[in-house]
$ cat model_24.pdb   # PDB, C-alpha atoms and all ligand atoms
ATOM      1  CA  MET V 277      48.803  64.381 -14.539  1.00  0.00           C
ATOM      2  CA  SER V 278      51.840  66.406 -15.552  1.00  0.00           C
ATOM      3  CA  GLU V 279      54.410  64.865 -17.891  1.00  0.00           C
ATOM      4  CA  THR V 280      57.151  65.582 -15.380  1.00  0.00           C
ATOM      5  CA  PHE V 281      55.330  63.776 -12.577  1.00  0.00           C
ATOM      6  CA  LYS V 282      54.705  60.752 -14.791  1.00  0.00           C
ATOM      7  CA  ALA V 283      58.279  60.631 -16.081  1.00  0.00           C
ATOM      8  CA  ALA V 284      59.694  60.896 -12.541  1.00  0.00           C
ATOM      9  CA  PHE V 285      57.367  58.173 -11.277  1.00  0.00           C
ATOM     10  CA  LEU V 286      58.373  55.853 -14.121  1.00  0.00           C
ATOM     11  CA  GLU V 287      62.042  56.631 -13.729  1.00  0.00           C
ATOM     12  CA  ILE V 288      62.033  55.752 -10.037  1.00  0.00           C
ATOM     13  CA  ALA V 289      59.845  52.643 -10.435  1.00  0.00           C
ATOM     14  CA  ASN V 290      61.896  51.394 -13.399  1.00  0.00           C
ATOM     15  CA  PHE V 291      65.142  51.999 -11.540  1.00  0.00           C
ATOM     16  CA  ILE V 292      63.965  49.897  -8.628  1.00  0.00           C
ATOM     17  CA  LEU V 293      63.029  47.065 -11.014  1.00  0.00           C
ATOM     18  CA  TYR V 294      66.389  47.373 -12.800  1.00  0.00           C
ATOM     19  CA  SER V 295      68.169  47.218  -9.414  1.00  0.00           C
ATOM     20  CA  LEU V 296      66.963  43.706  -8.668  1.00  0.00           C
ATOM     21  CA  ASN V 297      69.509  42.205 -11.060  1.00  0.00           C
ATOM     22  CA  LYS V 298      72.314  44.328  -9.615  1.00  0.00           C
ATOM     23  CA  LEU V 299      71.819  43.181  -6.022  1.00  0.00           C
ATOM     24  CA  ASP V 300      74.156  40.669  -4.406  1.00  0.00           C
ATOM     25  CA  LEU V 301      71.732  38.074  -3.069  1.00  0.00           C
ATOM     26  CA  ASN V 302      74.535  36.370  -1.171  1.00  0.00           C
ATOM     27  CA  SER V 303      75.197  39.402   1.059  1.00  0.00           C
ATOM     28  CA  ILE V 304      71.469  39.979   1.493  1.00  0.00           C
ATOM     29  CA  GLY V 305      71.182  36.341   2.597  1.00  0.00           C
ATOM     30  CA  LYS V 306      73.978  36.829   5.160  1.00  0.00           C
ATOM     31  CA  PHE V 307      72.260  39.972   6.451  1.00  0.00           C
ATOM     32  CA  THR V 308      68.953  38.116   6.789  1.00  0.00           C
ATOM     33  CA  ASP V 309      70.643  35.199   8.598  1.00  0.00           C
ATOM     34  CA  LEU V 310      72.202  37.701  11.008  1.00  0.00           C
ATOM     35  CA  LEU V 311      68.799  39.223  11.777  1.00  0.00           C
ATOM     36  CA  VAL V 312      67.308  35.772  12.345  1.00  0.00           C
ATOM     37  CA  SER V 313      70.075  35.087  14.873  1.00  0.00           C
ATOM     38  CA  ALA V 314      69.446  38.496  16.491  1.00  0.00           C
ATOM     39  CA  TYR V 315      65.810  37.469  16.976  1.00  0.00           C
ATOM     40  CA  LYS V 316      66.649  34.053  18.400  1.00  0.00           C
ATOM     41  CA  GLU V 317      69.492  35.231  20.645  1.00  0.00           C
ATOM     42  CA  GLU V 318      67.777  38.495  21.644  1.00  0.00           C
ATOM     43  CA  ARG V 319      70.666  40.601  20.378  1.00  0.00           C
ATOM     44  CA  ALA V 320      70.005  44.296  19.795  1.00  0.00           C
ATOM     45  CA  VAL V 321      69.893  45.758  16.290  1.00  0.00           C
ATOM     46  CA  LEU V 322      70.789  49.446  16.137  1.00  0.00           C
ATOM     47  CA  VAL V 323      70.274  51.448  12.969  1.00  0.00           C
ATOM     48  CA  VAL V 324      71.982  54.671  11.931  1.00  0.00           C
ATOM     49  CA  GLY V 325      71.752  57.030   8.967  1.00  0.00           C
ATOM     50  CA  MET V 326      71.509  60.743   8.307  1.00  0.00           C
ATOM     51  CA  GLY V 327      68.884  62.728   6.426  1.00  0.00           C
ATOM     52  CA  ARG V 328      66.661  60.671   4.158  1.00  0.00           C
ATOM     53  CA  SER V 329      68.866  57.619   4.685  1.00  0.00           C
ATOM     54  CA  GLY V 330      68.099  58.053   8.384  1.00  0.00           C
ATOM     55  CA  LEU V 331      64.379  58.016   7.593  1.00  0.00           C
ATOM     56  CA  VAL V 332      64.822  54.728   5.720  1.00  0.00           C
ATOM     57  CA  ALA V 333      66.752  53.391   8.733  1.00  0.00           C
ATOM     58  CA  ARG V 334      63.927  54.403  11.079  1.00  0.00           C
ATOM     59  CA  GLY V 335      61.313  52.722   8.899  1.00  0.00           C
ATOM     60  CA  PHE V 336      63.353  49.529   8.898  1.00  0.00           C
ATOM     61  CA  ALA V 337      63.913  49.607  12.679  1.00  0.00           C
ATOM     62  CA  MET V 338      60.163  50.002  13.136  1.00  0.00           C
ATOM     63  CA  ARG V 339      59.420  46.864  11.145  1.00  0.00           C
ATOM     64  CA  LEU V 340      62.138  44.933  13.019  1.00  0.00           C
ATOM     65  CA  ARG V 341      60.361  45.923  16.239  1.00  0.00           C
ATOM     66  CA  HIS V 342      57.072  44.659  14.784  1.00  0.00           C
ATOM     67  CA  LEU V 343      58.827  41.352  14.137  1.00  0.00           C
ATOM     68  CA  GLY V 344      59.880  41.135  17.787  1.00  0.00           C
ATOM     69  CA  ILE V 345      63.532  42.115  17.294  1.00  0.00           C
ATOM     70  CA  HIS V 346      65.083  44.503  19.847  1.00  0.00           C
ATOM     71  CA  SER V 347      65.743  47.356  17.430  1.00  0.00           C
ATOM     72  CA  TYR V 348      66.819  50.899  18.245  1.00  0.00           C
ATOM     73  CA  VAL V 349      67.796  54.085  16.441  1.00  0.00           C
ATOM     74  CA  LEU V 350      71.320  55.228  17.331  1.00  0.00           C
ATOM     75  CA  GLY V 351      71.391  58.707  18.810  1.00  0.00           C
ATOM     76  CA  GLU V 352      67.954  58.585  20.436  1.00  0.00           C
ATOM     77  CA  THR V 353      67.785  59.084  24.193  1.00  0.00           C
ATOM     78  CA  ILE V 354      66.497  55.591  24.998  1.00  0.00           C
ATOM     79  CA  THR V 355      69.070  53.745  22.910  1.00  0.00           C
ATOM     80  CA  PRO V 356      71.015  51.230  25.036  1.00  0.00           C
ATOM     81  CA  PRO V 357      74.801  50.774  24.970  1.00  0.00           C
ATOM     82  CA  VAL V 358      76.100  48.638  22.127  1.00  0.00           C
ATOM     83  CA  ASP V 359      77.262  45.232  23.349  1.00  0.00           C
ATOM     84  CA  LYS V 360      79.601  42.744  21.728  1.00  0.00           C
ATOM     85  CA  ASP V 361      77.763  40.825  18.976  1.00  0.00           C
ATOM     86  CA  ASP V 362      74.967  43.380  18.745  1.00  0.00           C
ATOM     87  CA  ILE V 363      74.249  44.452  15.184  1.00  0.00           C
ATOM     88  CA  VAL V 364      74.634  47.961  13.792  1.00  0.00           C
ATOM     89  CA  VAL V 365      72.993  48.633  10.435  1.00  0.00           C
ATOM     90  CA  ALA V 366      74.517  51.769   8.905  1.00  0.00           C
ATOM     91  CA  ILE V 367      72.674  53.215   5.925  1.00  0.00           C
ATOM     92  CA  SER V 368      74.597  55.644   3.753  1.00  0.00           C
ATOM     93  CA  GLY V 369      74.337  55.796  -0.020  1.00  0.00           C
ATOM     94  CA  SER V 370      77.669  57.592  -0.341  1.00  0.00           C
ATOM     95  CA  GLY V 371      79.278  55.635   2.481  1.00  0.00           C
ATOM     96  CA  THR V 372      81.129  58.801   3.465  1.00  0.00           C
ATOM     97  CA  THR V 373      78.726  60.638   5.785  1.00  0.00           C
ATOM     98  CA  GLN V 374      80.987  61.371   8.736  1.00  0.00           C
ATOM     99  CA  ILE V 375      78.597  60.758  11.625  1.00  0.00           C
ATOM    100  CA  VAL V 376      77.551  57.418  10.169  1.00  0.00           C
ATOM    101  CA  VAL V 377      81.142  56.308   9.551  1.00  0.00           C
ATOM    102  CA  ALA V 378      82.150  57.414  13.082  1.00  0.00           C
ATOM    103  CA  ALA V 379      79.208  55.523  14.616  1.00  0.00           C
ATOM    104  CA  ALA V 380      80.118  52.393  12.661  1.00  0.00           C
ATOM    105  CA  GLU V 381      83.759  52.687  13.768  1.00  0.00           C
ATOM    106  CA  ALA V 382      82.708  53.062  17.403  1.00  0.00           C
ATOM    107  CA  ALA V 383      80.381  50.063  17.091  1.00  0.00           C
ATOM    108  CA  LYS V 384      83.187  47.925  15.682  1.00  0.00           C
ATOM    109  CA  LYS V 385      85.396  48.858  18.632  1.00  0.00           C
ATOM    110  CA  MET V 386      82.642  47.572  20.946  1.00  0.00           C
ATOM    111  CA  GLY V 387      82.667  44.253  19.098  1.00  0.00           C
ATOM    112  CA  ALA V 388      79.380  44.784  17.260  1.00  0.00           C
ATOM    113  CA  VAL V 389      78.719  43.363  13.815  1.00  0.00           C
ATOM    114  CA  VAL V 390      78.460  46.238  11.328  1.00  0.00           C
ATOM    115  CA  VAL V 391      76.280  45.996   8.239  1.00  0.00           C
ATOM    116  CA  ALA V 392      76.632  48.726   5.608  1.00  0.00           C
ATOM    117  CA  ILE V 393      73.789  49.487   3.235  1.00  0.00           C
ATOM    118  CA  THR V 394      75.488  51.560   0.532  1.00  0.00           C
ATOM    119  CA  THR V 395      76.053  52.203  -3.155  1.00  0.00           C
ATOM    120  CA  TYR V 396      79.817  52.321  -2.599  1.00  0.00           C
ATOM    121  CA  PRO V 397      81.334  49.125  -1.121  1.00  0.00           C
ATOM    122  CA  ASP V 398      84.795  50.751  -1.380  1.00  0.00           C
ATOM    123  CA  SER V 399      83.747  53.778   0.685  1.00  0.00           C
ATOM    124  CA  PRO V 400      85.019  54.306   4.266  1.00  0.00           C
ATOM    125  CA  LEU V 401      81.785  52.770   5.581  1.00  0.00           C
ATOM    126  CA  GLY V 402      81.878  49.837   3.175  1.00  0.00           C
ATOM    127  CA  LYS V 403      85.500  49.063   4.006  1.00  0.00           C
ATOM    128  CA  LEU V 404      84.942  48.792   7.742  1.00  0.00           C
ATOM    129  CA  ALA V 405      81.670  46.828   7.576  1.00  0.00           C
ATOM    130  CA  ASP V 406      81.448  43.087   8.219  1.00  0.00           C
ATOM    131  CA  ILE V 407      78.660  42.727   5.677  1.00  0.00           C
ATOM    132  CA  VAL V 408      78.083  45.134   2.781  1.00  0.00           C
ATOM    133  CA  VAL V 409      74.662  45.195   1.165  1.00  0.00           C
ATOM    134  CA  PHE V 410      75.120  46.971  -2.156  1.00  0.00           C
ATOM    135  CA  VAL V 411      72.139  49.104  -3.147  1.00  0.00           C
ATOM    136  CA  PRO V 412      72.498  51.013  -6.431  1.00  0.00           C
ATOM    137  CA  GLY V 413      71.429  54.589  -6.830  1.00  0.00           C
ATOM    138  CA  ARG V 414      73.507  57.102  -4.917  1.00  0.00           C
ATOM    139  CA  THR V 415      75.189  59.810  -6.966  1.00  0.00           C
ATOM    140  CA  LYS V 416      77.865  61.920  -5.319  1.00  0.00           C
ATOM    141  CA  VAL V 417      76.335  65.107  -6.713  1.00  0.00           C
ATOM    142  CA  ALA V 418      73.290  65.981  -8.760  1.00  0.00           C
ATOM    143  CA  VAL V 419      74.211  65.119 -12.336  1.00  0.00           C
ATOM    144  CA  MET V 420      72.345  66.201 -15.411  1.00  0.00           C
ATOM    145  CA  ASP V 421      72.425  62.796 -17.026  1.00  0.00           C
ATOM    146  CA  ASP V 422      68.784  62.062 -16.596  1.00  0.00           C
ATOM    147  CA  TYR V 423      67.374  60.840 -19.912  1.00  0.00           C
ATOM    148  CA  PHE V 424      63.732  61.825 -19.410  1.00  0.00           C
ATOM    149  CA  ALA V 425      64.576  65.150 -17.872  1.00  0.00           C
ATOM    150  CA  ARG V 426      67.097  66.157 -20.518  1.00  0.00           C
ATOM    151  CA  GLN V 427      65.884  64.560 -23.740  1.00  0.00           C
ATOM    152  CA  ILE V 428      62.126  64.366 -23.342  1.00  0.00           C
ATOM    153  CA  LEU V 429      61.202  67.217 -21.063  1.00  0.00           C
ATOM    154  CA  GLY V 430      64.054  69.607 -21.786  1.00  0.00           C
ATOM    155  CA  LEU V 431      64.642  70.131 -18.066  1.00  0.00           C
ATOM    156  CA  HIS V 432      68.047  71.019 -16.686  1.00  0.00           C
ATOM    157  CA  GLU V 433      67.778  69.060 -13.486  1.00  0.00           C
ATOM    158  CA  PRO V 434      67.418  65.314 -12.962  1.00  0.00           C
ATOM    159  CA  LEU V 435      64.034  63.935 -11.966  1.00  0.00           C
ATOM    160  CA  SER V 436      65.506  61.964  -9.088  1.00  0.00           C
ATOM    161  CA  PRO V 437      68.068  64.298  -7.523  1.00  0.00           C
ATOM    162  CA  LEU V 438      70.894  63.463  -5.124  1.00  0.00           C
ATOM    163  CA  GLY V 439      70.299  60.193  -3.301  1.00  0.00           C
ATOM    164  CA  THR V 440      66.637  59.735  -4.239  1.00  0.00           C
ATOM    165  CA  LEU V 441      67.165  56.503  -6.183  1.00  0.00           C
ATOM    166  CA  PHE V 442      69.325  55.038  -3.411  1.00  0.00           C
ATOM    167  CA  GLU V 443      66.906  55.976  -0.657  1.00  0.00           C
ATOM    168  CA  ASP V 444      63.819  54.664  -2.481  1.00  0.00           C
ATOM    169  CA  THR V 445      65.608  51.481  -3.561  1.00  0.00           C
ATOM    170  CA  ALA V 446      67.023  50.901  -0.070  1.00  0.00           C
ATOM    171  CA  MET V 447      63.512  51.155   1.375  1.00  0.00           C
ATOM    172  CA  VAL V 448      62.255  48.501  -1.044  1.00  0.00           C
ATOM    173  CA  VAL V 449      65.284  46.239  -0.459  1.00  0.00           C
ATOM    174  CA  LEU V 450      64.813  46.438   3.314  1.00  0.00           C
ATOM    175  CA  ASP V 451      61.062  45.853   3.042  1.00  0.00           C
ATOM    176  CA  ALA V 452      61.807  42.728   1.002  1.00  0.00           C
ATOM    177  CA  VAL V 453      64.228  41.632   3.757  1.00  0.00           C
ATOM    178  CA  VAL V 454      61.381  42.134   6.254  1.00  0.00           C
ATOM    179  CA  ALA V 455      59.094  39.918   4.150  1.00  0.00           C
ATOM    180  CA  ASP V 456      61.765  37.221   4.058  1.00  0.00           C
ATOM    181  CA  LEU V 457      62.221  37.550   7.836  1.00  0.00           C
ATOM    182  CA  MET V 458      58.468  37.084   8.325  1.00  0.00           C
ATOM    183  CA  ARG V 459      58.699  33.806   6.436  1.00  0.00           C
ATOM    184  CA  ARG V 460      61.850  32.661   8.279  1.00  0.00           C
ATOM    185  CA  LEU V 461      60.438  33.549  11.711  1.00  0.00           C
ATOM    186  CA  GLY V 462      56.978  32.151  10.978  1.00  0.00           C
ATOM    187  CA  LYS V 463      55.248  35.500  11.504  1.00  0.00           C
ATOM    188  CA  ASN V 464      52.149  36.743   9.765  1.00  0.00           C
ATOM    189  CA  GLU V 465      50.701  40.226   9.353  1.00  0.00           C
ATOM    190  CA  HIS V 466      48.557  39.759  12.449  1.00  0.00           C
ATOM    191  CA  ASP V 467      51.686  39.109  14.558  1.00  0.00           C
ATOM    192  CA  LEU V 468      53.220  42.333  13.285  1.00  0.00           C
ATOM    193  CA  ALA V 469      50.015  44.293  13.857  1.00  0.00           C
ATOM    194  CA  LYS V 470      49.956  43.171  17.510  1.00  0.00           C
ATOM    195  CA  ARG V 471      53.309  44.887  18.051  1.00  0.00           C
ATOM    196  CA  HIS V 472      52.339  48.060  16.191  1.00  0.00           C
ATOM    197  CA  ALA V 473      51.941  51.251  18.202  1.00  0.00           C
ATOM    198  CA  ASN V 474      48.329  51.686  19.267  1.00  0.00           C
ATOM    199  CA  ILE V 475      48.702  55.270  20.415  1.00  0.00           C
ATOM    200  CA  GLU V 476      49.829  57.291  17.438  1.00  0.00           C
ATOM    201  CA  VAL V 477      50.330  60.915  18.327  1.00  0.00           C
ATOM    202  CA  PRO V 478      51.808  63.544  16.021  1.00  0.00           C
TER     203      PRO V 478
HETATM  204  O1  LIG V 501      69.246  63.425   3.149  1.00  0.00           O
HETATM  205  C1  LIG V 501      69.947  63.055   2.250  1.00  0.00           C
HETATM  206  C2  LIG V 501      69.931  63.777   0.930  1.00  0.00           C
HETATM  207  O2  LIG V 501      68.709  64.452   0.799  1.00  0.00           O
HETATM  208  C3  LIG V 501      70.259  62.959  -0.288  1.00  0.00           C
HETATM  209  O3  LIG V 501      69.118  62.630  -1.072  1.00  0.00           O
HETATM  210  C4  LIG V 501      70.886  61.914   2.503  1.00  0.00           C
HETATM  211  O4  LIG V 501      70.172  60.810   2.944  1.00  0.00           O
HETATM  212  C5  LIG V 501      71.910  62.357   3.560  1.00  0.00           C
HETATM  213  O5  LIG V 501      72.607  63.437   3.060  1.00  0.00           O
HETATM  214  C6  LIG V 501      72.867  61.231   3.897  1.00  0.00           C
HETATM  215  O6  LIG V 501      73.587  60.850   2.750  1.00  0.00           O
HETATM  216  P1  LIG V 501      74.153  59.404   2.615  1.00  0.00           P
HETATM  217  O7  LIG V 501      74.857  59.088   3.903  1.00  0.00           O
HETATM  218  O8  LIG V 501      75.092  59.472   1.464  1.00  0.00           O
HETATM  219  O9  LIG V 501      73.032  58.455   2.358  1.00  0.00           O
END
$ encode --input "model_24.pdb" --output "structure tokens"
Amino acid sequence: MSETFKAAFLEIANFILYSLNKLDLNSIGKFTDLLVSAYKEERAVLVVGMGRSGLVARGFAMRLRHLGIHSYVLGETITPPVDKDDIVVAISGSGTTQIVVAAAEAAKKMGAVVVAITTYPDSPLGKLADIVVFVPGRTKVAVMDDYFARQILGLHEPLSPLGTLFEDTAMVVLDAVVADLMRRLGKNEHDLAKRHANIEVP
């Protein structure tokens, strides 16, 4: 195993562990309560995000579907119109990605509840959201402040470039929310498996 691989792995894993104490459990609780009400009241949950944040959003929407929540990915052809009191989960580490901010603004105008998953609560996305779930990790640009990369390995680039730490941490935070939802909704793994796609084509 190369030293760089090992250092990067440890850096990411340690960052996620360190993040636990930085999270605001109160806002995560509000977000979870909102998803429980979406399940009970059959309200739609629409997710949006660009690039790798969009991939995290898709993974989360998939699990919500497995839980029996009516989840969709904004921008896909089969996505329904947003209704009042539907929920839009916008994932953007920077909180400035224009398409995501515009989608959140449009959702607010329709009367939806907007949840921002972001590193920057004071960003345009954070400011317009009803609930902000702070997830540490996003850097605005690649910065050469990475301890392992600079001091130990003598590299000139960070081991977790751009939004890597945000995206990986957001995935873990949202997977932990899913686990909590399973408990709150009385679902087990078998229930989720029953709703999993059984035709998986490339
Ligand atoms: O794809 C991304 C990039 O590779 C950063 O690691 C980002 O997810 C994409 O650029 C969206 O950025 P944010 O809205 O700031 O999450």
$ resolve_selection --input "model_24.pdb" --expression "the PyMOL selection byres (((chain V and resi 288-294) around 10) and not hetatm)" --output "ChimeraX atom specification"
/V:283-287,295-299,411-413,435-436,440-442,444-446,448-449
$ closest_residue --input "model_24.pdb" --among "V:Arg328, V:Arg339, V:Lys384, V:Lys403" --to "ligand LIG 501 (chain V)" --atoms "all atoms listed in the file"
V:Arg328
$ closest_residue --input "model_24.pdb" --among "V:Glu381, V:Glu465, V:Glu352, V:Asp309" --to "Leu322 of chain V" --atoms "all atoms listed in the file"
V:Glu352
$ closest_atom_pairs --input "model_24.pdb" --of "chain V" --to "ligand LIG 501 (chain V)" --cutoff "8 Å" --atoms "only C-alpha atoms and all ligand atoms" --output "CSV"
residue,atom,partner,partner_atom,distance
V:Gly325,CA,V:LIG501,O7,6.3
V:Met326,CA,V:LIG501,C6,4.6
V:Gly327,CA,V:LIG501,O1,3.4
V:Arg328,CA,V:LIG501,O4,3.7
V:Ser329,CA,V:LIG501,O4,3.9
V:Gly330,CA,V:LIG501,O4,6.4
V:Leu331,CA,V:LIG501,O4,7.9
V:Ile367,CA,V:LIG501,O9,6.3
V:Ser368,CA,V:LIG501,O7,3.5
V:Gly369,CA,V:LIG501,O9,3.8
V:Ser370,CA,V:LIG501,O8,3.7
V:Gly371,CA,V:LIG501,O8,5.8
V:Thr372,CA,V:LIG501,O7,6.3
V:Thr373,CA,V:LIG501,O7,4.6
V:Val376,CA,V:LIG501,O7,7.0
V:Thr394,CA,V:LIG501,O9,7.5
V:Arg414,CA,V:LIG501,O8,7.0
V:Lys416,CA,V:LIG501,O8,7.7
V:Pro437,CA,V:LIG501,O3,6.7
V:Leu438,CA,V:LIG501,O3,4.5
V:Gly439,CA,V:LIG501,O3,3.5
V:Thr440,CA,V:LIG501,O3,5.0
V:Phe442,CA,V:LIG501,O9,7.7
V:Glu443,CA,V:LIG501,O4,6.9
$ resolve_selection --input "model_24.pdb" --expression "the PyMOL selection byres (((chain V and resi 304) around 10) and not hetatm)" --output "PyMOL selection string"
chain V and resi 299-303+305-310+393+407-410+449-450+453
$ closest_residue --input "model_24.pdb" --among "V:Val321, V:Ala314, V:Ile345, V:Thr280" --to "Ala333 of chain V" --atoms "only C-alpha atoms"
V:Val321
$ closest_residue --input "model_24.pdb" --among "V:Ala469, V:Ala337, V:Ala366, V:Ile475" --to "Val454 of chain V" --atoms "all atoms listed in the file"
V:Ala337
$ resolve_selection --input "model_24.pdb" --expression "the PyMOL selection byres (((chain V and resi 406) around 6) and not hetatm)" --output "number ranges by chain"
V: 390-391, 405, 407
$ write_last_selection --input "model_24.pdb" --atoms "C-alpha atoms" --output "PDB file, keeping the file's coordinate frame"
ATOM      1  CA  VAL V 390      78.460  46.238  11.328  1.00  0.00           C
ATOM      2  CA  VAL V 391      76.280  45.996   8.239  1.00  0.00           C
ATOM      3  CA  ALA V 405      81.670  46.828   7.576  1.00  0.00           C
ATOM      4  CA  ILE V 407      78.660  42.727   5.677  1.00  0.00           C
TER       5      ILE V 407
END
$ closest_residue --input "model_24.pdb" --among "V:Ala473, V:Val365, V:Tyr315, V:Leu401" --to "Phe336 of chain V" --atoms "only C-alpha atoms"
V:Val365
$ atom_distance --input "model_24.pdb" --atom1 "atom CA of Asp451 of chain V" --atom2 "atom CA of Ala378 of chain V"
26.1 Å
$ atom_distance --input "model_24.pdb" --atom1 "atom CA of Arg341 of chain V" --atom2 "atom CA of Met386 of chain V"
22.8 Å
$ atom_distance --input "model_24.pdb" --atom1 "atom CA of Val389 of chain V" --atom2 "atom CA of Leu340 of chain V"
16.7 Å
$ closest_residue --input "model_24.pdb" --among "V:Ala320, V:His472, V:Ala392, V:Gln374" --to "Thr355 of chain V" --atoms "all atoms listed in the file"
V:Ala320
$ residues_around --input "model_24.pdb" --residues "His342 of chain V" --least-positions-apart "4" --cutoff "8 Å" --atoms "all atoms listed in the file" --output "JSON, numbers by chain"
{"V": [338, 467, 468, 469, 470, 471, 472]}
$ residues_near_point --input "model_24.pdb" --point "(79.8, 44.0, 26.3)" --cutoff "8 Å" --atoms "only C-alpha atoms" --output "list in words"
Val358, Asp359, Lys360, Met386 and Gly387 of chain V
$ decode --input "model_24.pdb" --residues "segment 458-476 of chain V" --atoms "N, CA and C atoms" --output "PDB file, in the first residue's frame"
ATOM      1  N   MET V 458     -34.896   4.909  10.034  1.00  0.00           N
ATOM      2  CA  MET V 458     -35.304   3.493  10.137  1.00  0.00           C
ATOM      3  C   MET V 458     -35.869   3.216  11.516  1.00  0.00           C
ATOM      4  N   ARG V 459     -35.147   3.690  12.526  1.00  0.00           N
ATOM      5  CA  ARG V 459     -35.594   3.481  13.916  1.00  0.00           C
ATOM      6  C   ARG V 459     -36.925   4.184  14.159  1.00  0.00           C
ATOM      7  N   ARG V 460     -37.024   5.453  13.725  1.00  0.00           N
ATOM      8  CA  ARG V 460     -38.243   6.241  13.985  1.00  0.00           C
ATOM      9  C   ARG V 460     -39.456   5.670  13.254  1.00  0.00           C
ATOM     10  N   LEU V 461     -39.218   5.115  12.056  1.00  0.00           N
ATOM     11  CA  LEU V 461     -40.340   4.609  11.247  1.00  0.00           C
ATOM     12  C   LEU V 461     -40.573   3.120  11.463  1.00  0.00           C
ATOM     13  N   GLY V 462     -39.781   2.514  12.335  1.00  0.00           N
ATOM     14  CA  GLY V 462     -39.949   1.089  12.634  1.00  0.00           C
ATOM     15  C   GLY V 462     -39.625   0.186  11.451  1.00  0.00           C
ATOM     16  N   LYS V 463     -38.649   0.574  10.670  1.00  0.00           N
ATOM     17  CA  LYS V 463     -38.261  -0.225   9.486  1.00  0.00           C
ATOM     18  C   LYS V 463     -36.996  -1.020   9.780  1.00  0.00           C
ATOM     19  N   ASN V 464     -36.904  -2.192   9.186  1.00  0.00           N
ATOM     20  CA  ASN V 464     -35.652  -2.930   9.279  1.00  0.00           C
ATOM     21  C   ASN V 464     -35.041  -3.096   7.879  1.00  0.00           C
ATOM     22  N   GLU V 465     -33.890  -3.726   7.838  1.00  0.00           N
ATOM     23  CA  GLU V 465     -33.166  -3.851   6.564  1.00  0.00           C
ATOM     24  C   GLU V 465     -33.992  -4.601   5.519  1.00  0.00           C
ATOM     25  N   HIS V 466     -34.761  -5.574   5.994  1.00  0.00           N
ATOM     26  CA  HIS V 466     -35.615  -6.350   5.095  1.00  0.00           C
ATOM     27  C   HIS V 466     -36.652  -5.441   4.411  1.00  0.00           C
ATOM     28  N   ASP V 467     -37.233  -4.522   5.179  1.00  0.00           N
ATOM     29  CA  ASP V 467     -38.205  -3.573   4.605  1.00  0.00           C
ATOM     30  C   ASP V 467     -37.556  -2.755   3.495  1.00  0.00           C
ATOM     31  N   LEU V 468     -36.329  -2.304   3.752  1.00  0.00           N
ATOM     32  CA  LEU V 468     -35.637  -1.498   2.742  1.00  0.00           C
ATOM     33  C   LEU V 468     -35.308  -2.345   1.511  1.00  0.00           C
ATOM     34  N   ALA V 469     -34.881  -3.576   1.752  1.00  0.00           N
ATOM     35  CA  ALA V 469     -34.512  -4.456   0.638  1.00  0.00           C
ATOM     36  C   ALA V 469     -35.704  -4.717  -0.280  1.00  0.00           C
ATOM     37  N   LYS V 470     -36.909  -4.784   0.311  1.00  0.00           N
ATOM     38  CA  LYS V 470     -38.114  -5.046  -0.497  1.00  0.00           C
ATOM     39  C   LYS V 470     -38.372  -3.927  -1.499  1.00  0.00           C
ATOM     40  N   ARG V 471     -37.926  -2.713  -1.158  1.00  0.00           N
ATOM     41  CA  ARG V 471     -38.155  -1.569  -2.044  1.00  0.00           C
ATOM     42  C   ARG V 471     -36.951  -1.299  -2.945  1.00  0.00           C
ATOM     43  N   HIS V 472     -35.924  -2.127  -2.824  1.00  0.00           N
ATOM     44  CA  HIS V 472     -34.730  -1.907  -3.663  1.00  0.00           C
ATOM     45  C   HIS V 472     -35.003  -2.369  -5.084  1.00  0.00           C
ATOM     46  N   ALA V 473     -34.413  -1.678  -6.051  1.00  0.00           N
ATOM     47  CA  ALA V 473     -34.561  -2.084  -7.448  1.00  0.00           C
ATOM     48  C   ALA V 473     -34.164  -3.545  -7.608  1.00  0.00           C
ATOM     49  N   ASN V 474     -34.977  -4.289  -8.358  1.00  0.00           N
ATOM     50  CA  ASN V 474     -34.611  -5.697  -8.593  1.00  0.00           C
ATOM     51  C   ASN V 474     -34.203  -5.946 -10.050  1.00  0.00           C
ATOM     52  N   ILE V 475     -34.248  -4.885 -10.838  1.00  0.00           N
ATOM     53  CA  ILE V 475     -33.643  -4.972 -12.177  1.00  0.00           C
ATOM     54  C   ILE V 475     -32.579  -3.888 -12.216  1.00  0.00           C
ATOM     55  N   GLU V 476     -31.344  -4.282 -12.142  1.00  0.00           N
ATOM     56  CA  GLU V 476     -30.274  -3.280 -12.108  1.00  0.00           C
ATOM     57  C   GLU V 476     -29.485  -3.364 -13.397  1.00  0.00           C
TER      58      GLU V 476
END
